[in-house]
$ cat protein.cif   # mmCIF, C-alpha atoms
data_my_file
loop_
_atom_site.group_PDB
_atom_site.id
_atom_site.type_symbol
_atom_site.label_atom_id
_atom_site.label_comp_id
_atom_site.auth_asym_id
_atom_site.auth_seq_id
_atom_site.Cartn_x
_atom_site.Cartn_y
_atom_site.Cartn_z
ATOM 1 C CA MET O 1 0.000 0.000 0.000
ATOM 2 C CA PRO O 2 1.212 3.533 -0.690
ATOM 3 C CA LEU O 3 0.391 4.644 2.840
ATOM 4 C CA GLY O 4 3.306 4.113 5.206
ATOM 5 C CA TYR O 5 2.043 2.828 8.546
ATOM 6 C CA ASP O 6 3.925 3.021 11.809
ATOM 7 C CA GLN O 7 3.477 -0.530 13.067
ATOM 8 C CA PRO O 8 1.787 -2.086 14.879
ATOM 9 C CA LEU O 9 -1.456 -0.872 13.352
ATOM 10 C CA TRP O 10 -4.699 -1.915 15.011
ATOM 11 C CA ARG O 11 -8.251 -1.373 13.844
ATOM 12 C CA PRO O 12 -11.733 -2.747 14.640
ATOM 13 C CA PRO O 13 -12.853 -5.751 12.553
ATOM 14 C CA SER O 14 -15.530 -3.658 10.819
ATOM 15 C CA GLU O 15 -12.939 -1.165 9.542
ATOM 16 C CA GLY O 16 -10.978 -3.772 7.585
ATOM 17 C CA GLY O 17 -12.222 -2.614 4.178
ATOM 18 C CA ASN O 18 -12.046 1.110 4.878
ATOM 19 C CA LEU O 19 -9.326 3.705 4.423
ATOM 20 C CA ILE O 20 -7.127 3.937 7.541
ATOM 21 C CA ILE O 21 -4.879 6.920 8.251
ATOM 22 C CA GLN O 22 -2.851 7.442 11.419
ATOM 23 C CA ALA O 23 -3.553 10.813 13.012
ATOM 24 C CA THR O 24 -1.724 9.812 16.180
ATOM 25 C CA TYR O 25 0.707 7.103 17.186
ATOM 26 C CA GLY O 26 0.106 4.865 20.172
ATOM 27 C CA CYS O 27 -2.409 5.386 22.968
ATOM 28 C CA SER O 28 -2.556 8.434 25.226
ATOM 29 C CA PHE O 29 -3.440 6.282 28.276
ATOM 30 C CA ASN O 30 -1.676 2.989 27.520
ATOM 31 C CA GLN O 31 -1.901 1.682 31.096
ATOM 32 C CA CYS O 32 -4.623 -0.984 30.923
ATOM 33 C CA SER O 33 -3.006 -4.069 32.430
ATOM 34 C CA PHE O 34 -4.616 -6.486 29.935
ATOM 35 C CA CYS O 35 -3.562 -4.632 26.778
ATOM 36 C CA THR O 36 -0.292 -4.788 24.837
ATOM 37 C CA MET O 37 -1.508 -3.072 21.670
ATOM 38 C CA TYR O 38 0.682 0.015 21.959
ATOM 39 C CA ARG O 39 3.284 -0.908 24.559
ATOM 40 C CA SER O 40 5.981 -0.848 21.891
ATOM 41 C CA LYS O 41 5.529 2.802 20.890
ATOM 42 C CA PRO O 42 4.944 5.969 22.903
ATOM 43 C CA TYR O 43 1.942 8.155 22.262
ATOM 44 C CA ARG O 44 2.399 11.225 20.103
ATOM 45 C CA ALA O 45 0.321 13.330 17.783
ATOM 46 C CA ARG O 46 1.562 13.286 14.215
ATOM 47 C CA PRO O 47 2.482 16.716 12.817
ATOM 48 C CA ILE O 48 -0.596 18.044 11.125
ATOM 49 C CA ASP O 49 1.246 18.852 7.886
ATOM 50 C CA GLU O 50 2.423 15.250 7.699
ATOM 51 C CA VAL O 51 -1.120 13.935 8.090
ATOM 52 C CA MET O 52 -2.456 16.410 5.529
ATOM 53 C CA HIS O 53 0.154 15.200 3.047
ATOM 54 C CA GLU O 54 -1.048 11.658 3.629
ATOM 55 C CA PHE O 55 -4.645 12.753 3.039
ATOM 56 C CA GLU O 56 -3.584 14.128 -0.344
ATOM 57 C CA ALA O 57 -1.803 10.921 -1.291
ATOM 58 C CA ALA O 58 -4.747 8.795 -0.176
ATOM 59 C CA ALA O 59 -7.202 10.962 -2.117
ATOM 60 C CA ARG O 60 -5.271 10.309 -5.309
ATOM 61 C CA ASP O 61 -5.334 6.548 -4.774
ATOM 62 C CA TRP O 62 -8.798 6.195 -3.209
ATOM 63 C CA PRO O 63 -10.821 9.203 -4.428
ATOM 64 C CA ASP O 64 -14.123 7.407 -3.822
ATOM 65 C CA ALA O 65 -13.417 6.461 -0.200
ATOM 66 C CA SER O 66 -16.597 6.908 1.820
ATOM 67 C CA ARG O 67 -15.442 5.653 5.235
ATOM 68 C CA ILE O 68 -12.203 6.626 6.962
ATOM 69 C CA PHE O 69 -10.798 5.368 10.251
ATOM 70 C CA LEU O 70 -8.383 7.670 12.094
ATOM 71 C CA ALA O 71 -5.800 5.572 13.947
ATOM 72 C CA ASP O 72 -3.999 4.877 16.312
ATOM 73 C CA GLY O 73 -5.345 4.171 19.772
ATOM 74 C CA ASP O 74 -7.446 7.254 20.375
ATOM 75 C CA ALA O 75 -7.384 10.060 17.844
ATOM 76 C CA LEU O 76 -10.017 11.760 19.998
ATOM 77 C CA SER O 77 -7.168 12.692 22.350
ATOM 78 C CA LEU O 78 -6.239 15.452 19.887
ATOM 79 C CA PRO O 79 -7.379 19.021 20.642
ATOM 80 C CA VAL O 80 -10.690 19.905 19.009
ATOM 81 C CA GLU O 81 -9.132 22.551 16.750
ATOM 82 C CA HIS O 82 -6.606 20.001 15.485
ATOM 83 C CA LEU O 83 -9.300 17.408 14.841
ATOM 84 C CA LEU O 84 -11.574 19.893 13.088
ATOM 85 C CA GLU O 85 -8.754 20.900 10.756
ATOM 86 C CA LEU O 86 -8.218 17.259 9.836
ATOM 87 C CA LEU O 87 -11.933 16.602 9.367
ATOM 88 C CA GLU O 88 -12.394 19.703 7.208
ATOM 89 C CA LYS O 89 -9.562 18.546 4.968
ATOM 90 C CA LEU O 90 -11.074 15.083 4.661
ATOM 91 C CA ALA O 91 -14.411 16.579 3.644
ATOM 92 C CA GLN O 92 -12.659 18.638 0.953
ATOM 93 C CA ARG O 93 -10.582 15.814 -0.491
ATOM 94 C CA PHE O 94 -13.108 12.958 -0.324
ATOM 95 C CA PRO O 95 -16.374 14.091 -1.939
ATOM 96 C CA ARG O 96 -18.149 10.813 -1.124
ATOM 97 C CA LEU O 97 -17.127 10.792 2.522
ATOM 98 C CA ALA O 98 -20.006 9.527 4.657
ATOM 99 C CA ARG O 99 -18.307 8.622 7.931
ATOM 100 C CA VAL O 100 -15.147 9.165 9.932
ATOM 101 C CA SER O 101 -14.481 6.937 12.937
ATOM 102 C CA CYS O 102 -11.807 6.439 15.590
ATOM 103 C CA TYR O 103 -11.027 4.750 18.871
ATOM 104 C CA ALA O 104 -11.868 6.809 21.953
ATOM 105 C CA THR O 105 -11.192 6.507 25.673
ATOM 106 C CA PRO O 106 -13.848 7.505 28.234
ATOM 107 C CA ALA O 107 -11.551 10.244 29.544
ATOM 108 C CA ASN O 108 -11.059 11.812 26.125
ATOM 109 C CA ILE O 109 -14.797 11.923 25.516
ATOM 110 C CA LEU O 110 -15.410 13.506 28.903
ATOM 111 C CA ARG O 111 -12.727 16.147 28.312
ATOM 112 C CA LYS O 112 -14.606 17.436 25.277
ATOM 113 C CA HIS O 113 -17.431 19.933 25.822
ATOM 114 C CA ALA O 114 -20.850 19.109 24.414
ATOM 115 C CA ASP O 115 -20.555 21.802 21.740
ATOM 116 C CA GLU O 116 -17.122 20.476 20.742
ATOM 117 C CA MET O 117 -18.505 16.971 20.309
ATOM 118 C CA ALA O 118 -21.357 18.390 18.222
ATOM 119 C CA ALA O 119 -18.885 20.276 16.022
ATOM 120 C CA LEU O 120 -16.879 17.099 15.409
ATOM 121 C CA ARG O 121 -20.065 15.262 14.511
ATOM 122 C CA GLN O 122 -20.985 18.018 12.050
ATOM 123 C CA TYR O 123 -17.772 17.219 10.187
ATOM 124 C CA LYS O 124 -18.712 13.511 9.986
ATOM 125 C CA LEU O 125 -16.865 12.077 12.962
ATOM 126 C CA SER O 126 -19.884 9.920 13.665
ATOM 127 C CA LEU O 127 -18.657 6.601 15.103
ATOM 128 C CA LEU O 128 -16.515 6.061 18.203
ATOM 129 C CA TYR O 129 -15.078 2.703 19.265
ATOM 130 C CA LEU O 130 -15.080 2.648 23.064
ATOM 131 C CA GLY O 131 -13.480 0.027 25.287
ATOM 132 C CA ILE O 132 -16.024 -0.495 28.057
ATOM 133 C CA GLU O 133 -14.397 -3.752 29.240
ATOM 134 C CA SER O 134 -16.612 -4.068 32.362
ATOM 135 C CA GLY O 135 -19.311 -2.227 34.267
ATOM 136 C CA SER O 136 -17.881 -3.262 37.636
ATOM 137 C CA ASP O 137 -15.951 -0.474 39.337
ATOM 138 C CA ARG O 138 -13.894 -3.002 41.292
ATOM 139 C CA ILE O 139 -12.799 -4.826 38.137
ATOM 140 C CA LEU O 140 -12.114 -1.563 36.305
ATOM 141 C CA ARG O 141 -9.765 -0.599 39.160
ATOM 142 C CA LYS O 142 -8.086 -3.996 39.192
ATOM 143 C CA VAL O 143 -7.243 -3.810 35.483
ATOM 144 C CA ASN O 144 -6.207 -0.143 35.703
ATOM 145 C CA LYS O 145 -8.757 1.002 33.122
ATOM 146 C CA GLY O 146 -8.752 4.606 34.313
ATOM 147 C CA ALA O 147 -12.564 4.708 34.214
ATOM 148 C CA THR O 148 -15.610 4.093 36.388
ATOM 149 C CA GLN O 149 -19.099 2.872 35.555
ATOM 150 C CA ARG O 150 -20.375 6.400 36.115
ATOM 151 C CA GLY O 151 -17.737 7.879 33.805
ATOM 152 C CA LEU O 152 -18.487 5.316 31.115
ATOM 153 C CA LYS O 153 -22.187 6.117 31.349
ATOM 154 C CA GLU O 154 -21.507 9.846 31.065
ATOM 155 C CA ALA O 155 -19.264 9.256 28.038
ATOM 156 C CA LEU O 156 -21.972 7.185 26.344
ATOM 157 C CA TYR O 157 -24.601 9.856 26.956
ATOM 158 C CA LYS O 158 -22.339 12.691 25.811
ATOM 159 C CA SER O 159 -21.597 10.888 22.554
ATOM 160 C CA HIS O 160 -25.269 10.060 22.006
ATOM 161 C CA GLU O 161 -26.373 13.640 22.614
ATOM 162 C CA ALA O 162 -23.829 14.832 20.059
ATOM 163 C CA GLY O 163 -25.351 12.471 17.487
ATOM 164 C CA MET O 164 -22.416 10.050 17.495
ATOM 165 C CA LYS O 165 -22.815 6.293 17.461
ATOM 166 C CA VAL O 166 -20.751 4.300 19.936
ATOM 167 C CA SER O 167 -19.489 0.792 19.302
ATOM 168 C CA GLY O 168 -18.552 -0.576 22.708
ATOM 169 C CA THR O 169 -16.515 -3.633 23.635
ATOM 170 C CA VAL O 170 -16.834 -5.850 26.702
ATOM 171 C CA ILE O 171 -14.114 -8.348 27.647
ATOM 172 C CA LEU O 172 -15.499 -11.701 28.707
ATOM 173 C CA GLY O 173 -13.432 -13.330 31.439
ATOM 174 C CA LEU O 174 -12.118 -10.075 32.872
ATOM 175 C CA GLY O 175 -13.485 -10.919 36.309
ATOM 176 C CA GLY O 176 -11.741 -14.281 36.355
ATOM 177 C CA THR O 177 -13.601 -17.157 37.968
ATOM 178 C CA ASN O 178 -14.137 -15.341 41.283
ATOM 179 C CA LEU O 179 -15.708 -12.110 40.031
ATOM 180 C CA ALA O 180 -17.491 -13.351 36.919
ATOM 181 C CA GLN O 181 -20.949 -12.662 38.342
ATOM 182 C CA GLU O 182 -20.004 -9.157 39.452
ATOM 183 C CA HIS O 183 -18.453 -8.510 36.033
ATOM 184 C CA ILE O 184 -21.596 -9.388 34.088
ATOM 185 C CA GLU O 185 -24.040 -7.821 36.544
ATOM 186 C CA GLY O 186 -22.131 -4.534 36.567
ATOM 187 C CA THR O 187 -21.877 -4.559 32.785
ATOM 188 C CA LEU O 188 -25.623 -5.124 32.430
ATOM 189 C CA GLU O 189 -26.318 -2.339 34.904
ATOM 190 C CA LEU O 190 -24.307 0.014 32.701
ATOM 191 C CA LEU O 191 -25.551 -1.112 29.282
ATOM 192 C CA ASN O 192 -29.216 -1.221 30.287
ATOM 193 C CA ASN O 193 -29.068 2.390 31.419
ATOM 194 C CA ALA O 194 -26.989 4.068 28.717
ATOM 195 C CA PRO O 195 -27.366 4.557 24.954
ATOM 196 C CA ILE O 196 -25.153 2.391 22.779
ATOM 197 C CA LYS O 197 -25.626 1.433 19.127
ATOM 198 C CA GLN O 198 -23.190 -1.451 18.714
ATOM 199 C CA LEU O 199 -21.770 -3.914 21.213
ATOM 200 C CA SER O 200 -19.000 -6.461 20.724
ATOM 201 C CA THR O 201 -17.393 -8.966 23.032
ATOM 202 C CA LEU O 202 -13.755 -9.947 23.212
ATOM 203 C CA GLN O 203 -12.465 -12.929 25.142
ATOM 204 C CA LEU O 204 -9.658 -12.203 27.576
ATOM 205 C CA TYR O 205 -6.245 -13.263 26.352
ATOM 206 C CA LEU O 206 -3.134 -12.365 28.324
ATOM 207 C CA ASN O 207 -0.007 -11.951 26.261
ATOM 208 C CA GLU O 208 2.942 -13.517 28.072
ATOM 209 C CA ASP O 209 4.708 -10.131 28.039
ATOM 210 C CA ILE O 210 2.119 -8.624 30.414
ATOM 211 C CA GLU O 211 0.752 -11.641 32.265
ATOM 212 C CA ALA O 212 2.860 -11.007 35.366
ATOM 213 C CA GLU O 213 1.930 -7.311 35.396
ATOM 214 C CA PHE O 214 -1.752 -8.165 35.037
ATOM 215 C CA HIS O 215 -1.703 -10.538 38.005
ATOM 216 C CA GLN O 216 0.280 -8.092 40.140
ATOM 217 C CA ARG O 217 -2.100 -5.202 39.477
ATOM 218 C CA TYR O 218 -5.179 -7.359 39.896
ATOM 219 C CA GLY O 219 -4.258 -7.640 43.523
ATOM 220 C CA ALA O 220 -5.695 -11.086 44.196
ATOM 221 C CA THR O 221 -5.587 -14.594 42.824
ATOM 222 C CA PHE O 222 -6.875 -14.496 39.254
ATOM 223 C CA THR O 223 -7.933 -17.736 37.599
ATOM 224 C CA MET O 224 -8.635 -17.609 33.875
ATOM 225 C CA PRO O 225 -12.109 -18.982 33.049
ATOM 226 C CA ASP O 226 -12.311 -21.832 30.564
ATOM 227 C CA ASP O 227 -14.353 -21.659 27.374
ATOM 228 C CA PHE O 228 -17.488 -23.050 28.992
ATOM 229 C CA ALA O 229 -17.360 -20.446 31.762
ATOM 230 C CA ILE O 230 -16.906 -17.757 29.110
ATOM 231 C CA LEU O 231 -19.950 -19.080 27.250
ATOM 232 C CA GLY O 232 -21.851 -18.861 30.519
ATOM 233 C CA GLU O 233 -20.896 -15.186 30.824
ATOM 234 C CA LEU O 234 -21.974 -14.589 27.233
ATOM 235 C CA GLN O 235 -25.262 -16.365 27.886
ATOM 236 C CA GLN O 236 -25.932 -14.241 30.964
ATOM 237 C CA LEU O 237 -24.991 -11.043 29.129
ATOM 238 C CA ILE O 238 -27.311 -11.668 26.192
ATOM 239 C CA SER O 239 -30.121 -12.884 28.453
ATOM 240 C CA GLY O 240 -29.987 -9.753 30.565
ATOM 241 C CA LEU O 241 -29.494 -7.082 27.917
ATOM 242 C CA ASN O 242 -32.490 -4.741 27.745
ATOM 243 C CA PRO O 243 -30.887 -1.553 26.381
ATOM 244 C CA PRO O 244 -32.780 1.735 25.890
ATOM 245 C CA HIS O 245 -32.385 1.346 22.116
ATOM 246 C CA PRO O 246 -31.849 -1.699 19.850
ATOM 247 C CA VAL O 247 -28.217 -2.805 19.731
ATOM 248 C CA LEU O 248 -26.233 -4.433 16.937
ATOM 249 C CA PHE O 249 -24.367 -7.266 18.665
ATOM 250 C CA ARG O 250 -21.209 -9.014 17.466
ATOM 251 C CA SER O 251 -18.700 -11.491 18.866
ATOM 252 C CA ASN O 252 -16.734 -11.680 15.636
ATOM 253 C CA HIS O 253 -13.378 -10.595 17.067
ATOM 254 C CA ALA O 254 -10.669 -13.214 16.615
ATOM 255 C CA SER O 255 -10.326 -13.699 20.381
ATOM 256 C CA ASN O 256 -13.811 -15.194 20.753
ATOM 257 C CA ALA O 257 -14.441 -18.925 21.023
ATOM 258 C CA LEU O 258 -17.912 -18.480 19.506
ATOM 259 C CA ALA O 259 -18.757 -16.011 16.753
ATOM 260 C CA LEU O 260 -22.257 -14.536 16.986
ATOM 261 C CA ALA O 261 -24.094 -11.756 15.175
ATOM 262 C CA GLY O 262 -27.548 -10.305 15.614
ATOM 263 C CA ASN O 263 -29.686 -7.469 16.882
ATOM 264 C CA LEU O 264 -30.828 -7.204 20.469
ATOM 265 C CA PRO O 265 -33.395 -7.662 21.750
ATOM 266 C CA ARG O 266 -34.868 -8.966 18.460
ATOM 267 C CA ASP O 267 -32.484 -11.917 17.980
ATOM 268 C CA ARG O 268 -32.020 -12.826 21.641
ATOM 269 C CA GLU O 269 -33.562 -16.311 21.435
ATOM 270 C CA ARG O 270 -31.574 -17.268 18.326
ATOM 271 C CA LEU O 271 -28.300 -16.131 19.900
ATOM 272 C CA LEU O 272 -29.064 -17.982 23.128
ATOM 273 C CA ALA O 273 -29.854 -21.122 21.122
ATOM 274 C CA ASP O 274 -26.430 -20.855 19.444
ATOM 275 C CA ILE O 275 -24.765 -20.585 22.840
ATOM 276 C CA GLU O 276 -26.717 -23.561 24.152
ATOM 277 C CA GLN O 277 -25.566 -25.639 21.186
ATOM 278 C CA ALA O 278 -21.957 -24.652 21.914
ATOM 279 C CA LEU O 279 -22.386 -25.594 25.570
ATOM 280 C CA ASN O 280 -23.771 -29.043 24.744
ATOM 281 C CA GLY O 281 -21.129 -29.699 22.080
ATOM 282 C CA THR O 282 -23.310 -29.620 18.971
ATOM 283 C CA LYS O 283 -21.800 -26.339 17.737
ATOM 284 C CA ALA O 284 -18.050 -26.176 17.263
ATOM 285 C CA LEU O 285 -15.914 -23.539 18.956
ATOM 286 C CA ARG O 286 -13.086 -21.712 17.224
ATOM 287 C CA PRO O 287 -9.889 -23.687 17.869
ATOM 288 C CA ALA O 288 -7.563 -22.056 20.396
ATOM 289 C CA TYR O 289 -4.715 -21.828 17.872
ATOM 290 C CA MET O 290 -6.894 -19.619 15.636
ATOM 291 C CA ARG O 291 -7.630 -17.062 18.372
ATOM 292 C CA GLY O 292 -5.750 -13.958 19.337
ATOM 293 C CA MET O 293 -6.003 -10.294 20.231
#

$ encode --input "protein.cif" --output "structure tokens"
Amino acid sequence: MPLGYDQPLWRPPSEGGNLIIQATYGCSFNQCSFCTMYRSKPYRARPIDEVMHEFEAAARDWPDASRIFLADGDALSLPVEHLLELLEKLAQRFPRLARVSCYATPANILRKHADEMAALRQYKLSLLYLGIESGSDRILRKVNKGATQRGLKEALYKSHEAGMKVSGTVILGLGGTNLAQEHIEGTLELLNNAPIKQLSTLQLYLNEDIEAEFHQRYGATFTMPDDFAILGELQQLISGLNPPHPVLFRSNHASNALALAGNLPRDRERLLADIEQALNGTKALRPAYMRGM
């Protein structure tokens, strides 16, 4: 590809066919104990002239691009004026542009004023990928997420009121075997009381480079749930989800043992039937060697 990426480059599964341009490098928080995505490179904003030059090059090669993902870990960390300049340029150079998206942390959403979020939405930043991970405050502290259930809820409402869609992720297994019930109950408490358009699950996988750090920060004995326990969490999550608005649900990330797709609450019974088949062995799980973060 003509675009030169600073590796590693991460993006949501749904952005695989879209144009991806790095507006920042790394993650501005980069302290979650379960995540190694950006441990190898420090956070920094790319010089705006450099990014603009890349926009020009991309526009020559993909003039009809309609969806653009701004990488890396949380482009929303950029100041509003910086982001607006980038978004204005994208609108000028891509006449068919329908949507700009990026990762976002709860803190970076909360730092933006409501009118700033609305201005970003006006320039087609309309989808944010938000790592919810859990709705349990205790688990969020243990994994050093830098967020609380209340803060996550406020971030979801602020995005919704600005007209932005949020695609949230929950990590199954994050409570281990001891706090699994608290993990799912807290997550349901959050999701059933906050607006979210898309929800995906990941299955906890601890890279060997951070496993010791994760256990140390967790502060207690952590036992990784097996696949059947994870399916139980997924079953409980889908059974209990009654969100304020319909939610597009996916478990298509490569970390998941069972790939599901549907709309909630409409497809609840079908999804639960798929889980039941996996639990009784009549539906195959993704082999462990094919999984990863």

$ axis_aligned_box --input "protein.cif" --around "segment 94-106 of chain O" --padding-each-side "8 Å" --output "JSON"
{"center_x": -15.5, "center_y": 9.4, "center_z": 13.1, "size_x": 25.0, "size_y": 25.3, "size_z": 46.2}

$ resolve_selection --input "protein.cif" --expression "the PyMOL selection byres ((chain O and resi 3-18) around 9)" --output "mmCIF file with C-alpha atoms, in the frame of the given file"
data_model
loop_
_atom_site.group_PDB
_atom_site.id
_atom_site.type_symbol
_atom_site.label_atom_id
_atom_site.label_comp_id
_atom_site.auth_asym_id
_atom_site.auth_seq_id
_atom_site.Cartn_x
_atom_site.Cartn_y
_atom_site.Cartn_z
ATOM 1 C CA MET O 1 0.000 0.000 0.000
ATOM 2 C CA PRO O 2 1.212 3.533 -0.690
ATOM 3 C CA LEU O 19 -9.326 3.705 4.423
ATOM 4 C CA ILE O 20 -7.127 3.937 7.541
ATOM 5 C CA ILE O 21 -4.879 6.920 8.251
ATOM 6 C CA GLN O 22 -2.851 7.442 11.419
ATOM 7 C CA TYR O 25 0.707 7.103 17.186
ATOM 8 C CA GLY O 26 0.106 4.865 20.172
ATOM 9 C CA MET O 37 -1.508 -3.072 21.670
ATOM 10 C CA TYR O 38 0.682 0.015 21.959
ATOM 11 C CA SER O 40 5.981 -0.848 21.891
ATOM 12 C CA LYS O 41 5.529 2.802 20.890
ATOM 13 C CA GLU O 54 -1.048 11.658 3.629
ATOM 14 C CA ALA O 57 -1.803 10.921 -1.291
ATOM 15 C CA ALA O 58 -4.747 8.795 -0.176
ATOM 16 C CA ALA O 65 -13.417 6.461 -0.200
ATOM 17 C CA SER O 66 -16.597 6.908 1.820
ATOM 18 C CA ARG O 67 -15.442 5.653 5.235
ATOM 19 C CA ILE O 68 -12.203 6.626 6.962
ATOM 20 C CA PHE O 69 -10.798 5.368 10.251
ATOM 21 C CA ALA O 71 -5.800 5.572 13.947
ATOM 22 C CA ASP O 72 -3.999 4.877 16.312
ATOM 23 C CA GLY O 73 -5.345 4.171 19.772
ATOM 24 C CA SER O 101 -14.481 6.937 12.937
ATOM 25 C CA CYS O 102 -11.807 6.439 15.590
ATOM 26 C CA TYR O 103 -11.027 4.750 18.871
ATOM 27 C CA TYR O 129 -15.078 2.703 19.265
ATOM 28 C CA ASN O 252 -16.734 -11.680 15.636
ATOM 29 C CA HIS O 253 -13.378 -10.595 17.067
ATOM 30 C CA ALA O 254 -10.669 -13.214 16.615
#

$ atom_distance --input "protein.cif" --atom1 "atom CA of Leu279 of chain O" --atom2 "atom CA of Asp227 of chain O"
9.1 Å

$ resolve_selection --input "protein.cif" --expression "the PyMOL selection byres ((chain O and resi 210-219) around 9)" --output "PyMOL selection string"
chain O and resi 32-36+139+141-144+206-209+220-222

$ resolve_selection --input "protein.cif" --expression "the PyMOL selection byres ((chain O and resi 175) around 10)" --output "list in words"
Ser134, Ser136, Arg138, Ile139, Leu140, Lys142, Val143, Ile171, Leu172, Gly173, Leu174, Gly176, Thr177, Asn178, Leu179, Ala180, Gln181, Glu182, His183, Ile184, Leu204, Tyr218, Phe222, Thr223, Met224 and Pro225 of chain O

$ closest_residue --input "protein.cif" --among "O:Arg150, O:Lys89, O:Arg39, O:Arg96" --to "Trp62 of chain O" --atoms "all atoms listed in the file"
O:Arg96

$ atom_distance --input "protein.cif" --atom1 "atom CA of Asp267 of chain O" --atom2 "atom CA of Pro244 of chain O"
15.8 Å

$ atom_distance --input "protein.cif" --atom1 "atom CA of Leu260 of chain O" --atom2 "atom CA of Ala98 of chain O"
27.1 Å

$ residues_around --input "protein.cif" --residues "segment 152-164 of chain O" --least-positions-apart "3" --cutoff "6 Å" --atoms "only C-alpha atoms" --output "list in words"
Pro106, Ile109, Leu110, Met117, Ala118, Ser126, Leu127, Gln149 and Ala194 of chain O

$ closest_residue --input "protein.cif" --among "O:Arg44, O:Leu76, O:Phe29, O:Glu276" --to "Ala147 of chain O" --atoms "only C-alpha atoms"
O:Phe29

$ residues_near_point --input "protein.cif" --point "(-15.5, 15.1, 12.7)" --cutoff "10 Å" --atoms "all atoms listed in the file" --output "number ranges by chain"
O: 76, 80, 83-88, 90-91, 99-102, 116-127, 164

$ closest_residue --input "protein.cif" --among "O:Thr105, O:Ala23, O:Asn30, O:Pro63" --to "His82 of chain O" --atoms "only C-alpha atoms"
O:Ala23

$ closest_residue --input "protein.cif" --among "O:Leu191, O:Leu271, O:Cys27, O:Met290" --to "Val247 of chain O" --atoms "only C-alpha atoms"
O:Leu191

$ closest_residue --input "protein.cif" --among "O:Leu237, O:Ala273, O:Leu231, O:Ala278" --to "Gly186 of chain O" --atoms "only C-alpha atoms"
O:Leu237

$ decode --input "protein.cif" --residues "segment 238-252 of chain O" --atoms "N, CA and C atoms" --output "short mmCIF file (atom, residue, chain, number, x, y, z; two decimals), in the first residue's frame"
data_model
loop_
_atom_site.label_atom_id
_atom_site.label_comp_id
_atom_site.auth_asym_id
_atom_site.auth_seq_id
_atom_site.Cartn_x
_atom_site.Cartn_y
_atom_site.Cartn_z
N ILE O 238 -26.27 -11.79 27.21
CA ILE O 238 -27.31 -11.67 26.19
C ILE O 238 -28.70 -11.83 26.80
N SER O 239 -28.83 -12.70 27.79
CA SER O 239 -30.12 -12.88 28.45
C SER O 239 -30.58 -11.61 29.16
N GLY O 240 -29.62 -10.90 29.74
CA GLY O 240 -29.99 -9.75 30.56
C GLY O 240 -29.99 -8.41 29.87
N LEU O 241 -29.57 -8.37 28.61
CA LEU O 241 -29.49 -7.08 27.92
C LEU O 241 -30.88 -6.57 27.53
N ASN O 242 -31.25 -5.45 28.10
CA ASN O 242 -32.49 -4.74 27.74
C ASN O 242 -32.15 -3.26 27.58
N PRO O 243 -31.39 -2.93 26.54
CA PRO O 243 -30.89 -1.55 26.38
C PRO O 243 -32.00 -0.58 26.01
N PRO O 244 -31.77 0.73 26.23
CA PRO O 244 -32.78 1.73 25.89
C PRO O 244 -33.13 1.75 24.41
N HIS O 245 -32.17 1.37 23.56
CA HIS O 245 -32.38 1.35 22.12
C HIS O 245 -31.86 0.01 21.58
N PRO O 246 -32.38 -0.46 20.44
CA PRO O 246 -31.85 -1.70 19.85
C PRO O 246 -30.34 -1.61 19.63
N VAL O 247 -29.67 -2.75 19.81
CA VAL O 247 -28.22 -2.81 19.73
C VAL O 247 -27.79 -3.86 18.71
N LEU O 248 -26.85 -3.48 17.85
CA LEU O 248 -26.23 -4.43 16.94
C LEU O 248 -25.15 -5.16 17.72
N PHE O 249 -25.29 -6.49 17.84
CA PHE O 249 -24.37 -7.27 18.67
C PHE O 249 -23.46 -8.12 17.80
N ARG O 250 -22.18 -8.19 18.17
CA ARG O 250 -21.21 -9.01 17.47
C ARG O 250 -20.23 -9.65 18.46
N SER O 251 -19.85 -10.89 18.17
CA SER O 251 -18.70 -11.49 18.87
C SER O 251 -17.76 -12.06 17.80
N ASN O 252 -17.51 -11.22 16.79
CA ASN O 252 -16.73 -11.68 15.64
C ASN O 252 -15.24 -11.42 15.77
#
